[in-house]
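Novice: Okay, here's the structure, questions in a sec.
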Amino acid sequence: MSSQPPITHSIVVPAYKENLNLRPLVTRIFAALSRPDSPIHAETTEVLIVDDNSRDGSVETIDKLRSEGYNVRILVRTDERGLSSAVVRGFREAEGGKMLCMDADLQHPPEYVPSMLAALSSAQPFVLGTRYAKGVEMDASWPMYRRVISSGARMMALPLTSASDPMSGFFGIRKEEFLKAKNLNSSGFKIALDLLVKAQIPSRGIAEVPFSFGVRSEGESKLSGKVMVKYLEQLVELYLAKFGVAVVGLVVLVLLAVGFGGLWFLFAE
C-alpha cells in the first residue's frame with residue numbers, strides 16, 4: 001500500500017460566516033490543482049479554514065468535503081477574532097513549507113492558486129496577487145467607493161514597499177520567511193503589508209501574479225469604518241518600525257507645516 005505524499009503546500013483561508021462559499025471554494029481549488037497542466041499537485045496540498053466560531057454549518061460542510069476525499073480541515077477559534085490573527089494562526093498551523101492566503105468569498109479566483117504557489121521560490125519567497133498589473137480590470141460590479149478606498153490605501157503604503165498591490169489579501173510566503181517576521185500586528189487590517197515590512201522582503205524577492213478581482217458571491221463584506229481606522233494605526237506602526245521615530249516625526253512636522261501654510265495662504269487675502 002502506497003503512503004500518502006507529504007504536504008508541501010498549504011492554502012490558508014480566514015473565514016467568518018462563509019459557509020455558503022466553502023464548498024465552491026474548496027472544489028474549485030482542487031479542480032485547478034488536478035488539471036494536467038497544474039505545476040502543483042493536489043496530493044501534496046492542503047486547505048486550512050481558520051473559522052472565527054461562525055456556527056453557521058461551516059464545520060459540517062468541511063467534514064462532508066473531507067468524507068468526499070478533499071484534503072481540507074477546519075480550525076475553529078473561540079478565543080480570538082480578526083482577519084490578520086486568523087491568517088497568522090493558519091500559517092503557524094500549516095503543514096506546507098509554501099503557504100498561500102486567500103479570501104473565502106471567491107473574490108480571489110481559485111483557478112489562480114497553482115500559479116501563485118508555483119511562483120514561490122528561494123529567490124522569491126513572497127508572491128502577491130496584484131489587481132494593478134497592465135491589462136487587469138476590476139469587476140464592473142465592484143463599487144466605486146471600494147475602488148477609491150483601495151487606491152488611497154495603496155498609495156499610503158508606497159514608501160513601505162515596492163509591491164504594486166500591498167493591500168491584496170491574495171498572497172503567499174515561504175514558511176521560513178514567515179517565521180522571521182517578529183511582532184506581527186494581529187489586529188491590523190492588511191497582514192500582507194505587515195509581513196512584507198517585518199519579514200524584510202526585498203523588492204527582488206516579490207513575485208507578482210496579475211489577477212482580476214471578482215465580486216463577493218455569498219455573505220456580506222467585512223469592510224467598515226473601524227477596519228479603516230485600524231489600517232491607519234497599522235500604517236503608523238509600520239512607518240515607525242521601518243523609518244524610526246525621528247524620520248516619522250519629521251514627516252509629520254513637514255505635513256503640518258504644509259497644511260498650515262496652505263491655510264494661511266487661503267485666508268491671508
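Just remember, in the C-alpha cells the first chain shown is A, the second B, etc., residues are 1-based per chain, and ligands are 1-based in the order shown.
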Can you tell me which residues surround Thr161 of chain A at a distance of at most 9 Å, considering only C-alpha atoms, apart from same-chain residues fewer than 2 positions away, and format the answer as a list in words?
Specialist: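 Using only C-alpha atoms, the neighbours found are Ala157, Leu158, Pro159, Ala163, Ser164, Pro166, Leu193, Leu196, Val197, Ile201, Pro202 and Ser203 of chain A.
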Novice: Go ahead and save the picked residues with C-alpha atoms, as a PDB file, in the first residue's frame.
Specialist:
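Wrote again_9.pdb, looks like this:
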```
ATOM      1  CA  ALA A 157       1.795  52.257   1.719  1.00  0.00           C
ATOM      2  CA  LEU A 158       4.112  53.092  -1.198  1.00  0.00           C
ATOM      3  CA  PRO A 159       7.049  54.285   0.992  1.00  0.00           C
ATOM      4  CA  ALA A 163       4.938  45.862  -4.251  1.00  0.00           C
ATOM      5  CA  SER A 164       2.282  47.044  -6.711  1.00  0.00           C
ATOM      6  CA  PRO A 166       0.347  45.528  -0.871  1.00  0.00           C
ATOM      7  CA  LEU A 193       1.818  44.556   4.154  1.00  0.00           C
ATOM      8  CA  LEU A 196       6.420  42.479   3.676  1.00  0.00           C
ATOM      9  CA  VAL A 197       7.829  45.008   6.143  1.00  0.00           C
ATOM     10  CA  ILE A 201      11.197  41.086   1.956  1.00  0.00           C
ATOM     11  CA  PRO A 202      13.316  42.961  -0.647  1.00  0.00           C
ATOM     12  CA  SER A 203      11.848  44.150  -3.943  1.00  0.00           C
TER      13      SER A 203
END
```
Novice: Figure out the distance between atom CA of Ile206 of chain A and atom CA of Lys230 of chain A, please, to one decimal in Å.
Specialist: 25.2 Å
Novice: Need the shell around Ala31 of chain A: protein/DNA/RNA residues with any atom at most 10 Å away, counting only C-alpha atoms. Skip same-chain ones fewer than 4 positions apart. Format as a list in words?
Specialist: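 Once the nearby chain positions are removed, what remains is Leu25, Val26, Thr27, Arg35, Ser38, Ala42, Pro110 and Glu111 of chain A.
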Novice: Filtering to all heavy atoms, could you give me those residues as a compact mmCIF listing (two decimals), in the first residue's frame?
Specialist:
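Generated output (part-v3.txt):
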```
# COMPACT_ATOMS: atom_id res chain seq x y z
N LEU A 25 -15.51 27.01 -3.07
CA LEU A 25 -14.11 27.39 -2.93
C LEU A 25 -13.20 26.16 -2.95
O LEU A 25 -12.25 26.09 -3.75
CB LEU A 25 -13.90 28.17 -1.63
CG LEU A 25 -12.45 28.52 -1.29
CD1 LEU A 25 -11.93 29.61 -2.20
CD2 LEU A 25 -12.31 28.93 0.17
N VAL A 26 -13.48 25.21 -2.09
CA VAL A 26 -12.62 24.03 -1.97
C VAL A 26 -12.63 23.19 -3.25
O VAL A 26 -11.58 22.76 -3.73
CB VAL A 26 -13.05 23.18 -0.75
CG1 VAL A 26 -12.30 21.85 -0.74
CG2 VAL A 26 -12.79 23.95 0.54
N THR A 27 -13.79 22.97 -3.82
CA THR A 27 -13.87 22.13 -5.02
C THR A 27 -13.17 22.80 -6.20
O THR A 27 -12.51 22.13 -7.00
CB THR A 27 -15.33 21.81 -5.37
OG1 THR A 27 -16.08 23.02 -5.50
CG2 THR A 27 -15.97 20.93 -4.29
N ARG A 35 -5.74 19.74 -12.65
CA ARG A 35 -5.59 19.88 -14.10
C ARG A 35 -4.25 19.30 -14.55
O ARG A 35 -3.25 19.38 -13.82
CB ARG A 35 -5.67 21.35 -14.50
CG ARG A 35 -7.06 21.96 -14.44
CD ARG A 35 -6.99 23.46 -14.71
NE ARG A 35 -6.29 23.73 -15.96
CZ ARG A 35 -6.89 23.87 -17.15
NH1 ARG A 35 -8.21 23.75 -17.23
NH2 ARG A 35 -6.19 24.11 -18.24
N SER A 38 -1.30 21.69 -14.25
CA SER A 38 -1.03 22.35 -12.98
C SER A 38 0.41 22.07 -12.52
O SER A 38 0.82 20.92 -12.46
CB SER A 38 -2.00 21.89 -11.90
OG SER A 38 -1.63 22.43 -10.64
N ALA A 42 -2.31 18.25 -6.42
CA ALA A 42 -3.37 18.26 -5.42
C ALA A 42 -3.01 17.37 -4.22
O ALA A 42 -3.36 17.67 -3.08
CB ALA A 42 -4.69 17.81 -6.04
N PRO A 110 -10.03 30.84 -7.44
CA PRO A 110 -9.27 29.63 -7.09
C PRO A 110 -8.42 29.10 -8.24
O PRO A 110 -7.44 28.39 -8.01
CB PRO A 110 -10.38 28.64 -6.71
CG PRO A 110 -11.52 29.50 -6.26
CD PRO A 110 -11.47 30.70 -7.15
N GLU A 111 -8.78 29.43 -9.46
CA GLU A 111 -8.05 28.95 -10.61
C GLU A 111 -6.62 29.51 -10.68
O GLU A 111 -5.78 28.99 -11.42
CB GLU A 111 -8.80 29.29 -11.90
CG GLU A 111 -10.09 28.50 -12.09
CD GLU A 111 -11.20 28.90 -11.12
OE1 GLU A 111 -11.22 30.08 -10.67
OE2 GLU A 111 -12.07 28.05 -10.81
```
Novice: Which residues are near segment 88-92 of chain A? Cut-off 8 Å, only C-alpha atoms, ignore same chain within fewer than 4 positions. Put them as a compact mmCIF listing (two decimals) with N, CA and C atoms, in the first residue's frame.
Specialist:
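So the final result, stored in result37.txt, reads:
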```txt
# COMPACT_ATOMS: atom_id res chain seq x y z
N VAL A 12 -4.32 28.80 3.27
CA VAL A 12 -4.98 29.24 4.49
C VAL A 12 -6.11 30.19 4.13
N VAL A 13 -7.31 29.90 4.65
CA VAL A 13 -8.49 30.71 4.33
C VAL A 13 -9.14 31.19 5.62
N PRO A 14 -8.95 32.47 5.98
CA PRO A 14 -9.66 33.00 7.15
C PRO A 14 -11.14 33.14 6.82
N LEU A 48 -6.62 24.87 4.66
CA LEU A 48 -6.91 25.04 6.09
C LEU A 48 -7.84 26.24 6.27
N ILE A 49 -9.05 25.98 6.71
CA ILE A 49 -10.02 27.04 7.00
C ILE A 49 -9.85 27.45 8.46
N VAL A 50 -9.60 28.74 8.70
CA VAL A 50 -9.50 29.25 10.07
C VAL A 50 -10.77 30.04 10.34
N SER A 84 -6.41 39.28 10.40
CA SER A 84 -4.95 39.13 10.44
C SER A 84 -4.52 38.03 11.41
N MET A 99 3.11 28.62 1.58
CA MET A 99 1.77 28.90 2.10
C MET A 99 1.12 30.03 1.32
N LYS A 175 7.35 29.43 4.53
CA LYS A 175 7.27 29.37 5.99
C LYS A 175 8.55 29.88 6.63
N PHE A 178 8.23 33.54 6.82
CA PHE A 178 7.16 33.89 7.76
C PHE A 178 7.67 33.85 9.20
N SER A 186 -1.51 41.42 14.97
CA SER A 186 -2.64 40.50 14.82
C SER A 186 -3.97 41.21 14.69
```
Novice: I'd like the neighbourhood of Asp165 of chain A as a ChimeraX atom specification, where a residue qualifies if any of its atoms comes within 8 Å (using only C-alpha atoms), though same-chain residues fewer than 2 positions away should be ignored.
Specialist: /A:128-132,154,163,167-168
Novice: Fewer than 2 positions away in the same chain doesn't count, so skip those; otherwise give me all residues within 12 Å of segment 18-21 of chain A, counting only C-alpha atoms, as a VMD selection string.
Specialist: chain A and resid 13 to 16 23 to 28 49 to 62 74 103 to 108 110 216 to 222
Novice: Identify all residues of segment 16-161 of chain A in alpha helix (DSSP H) (DSSP on the backbone) and supply them as a PyMOL selection string.
Specialist: chain A and resi 19-33+58-67+83-93+113-118+144-156
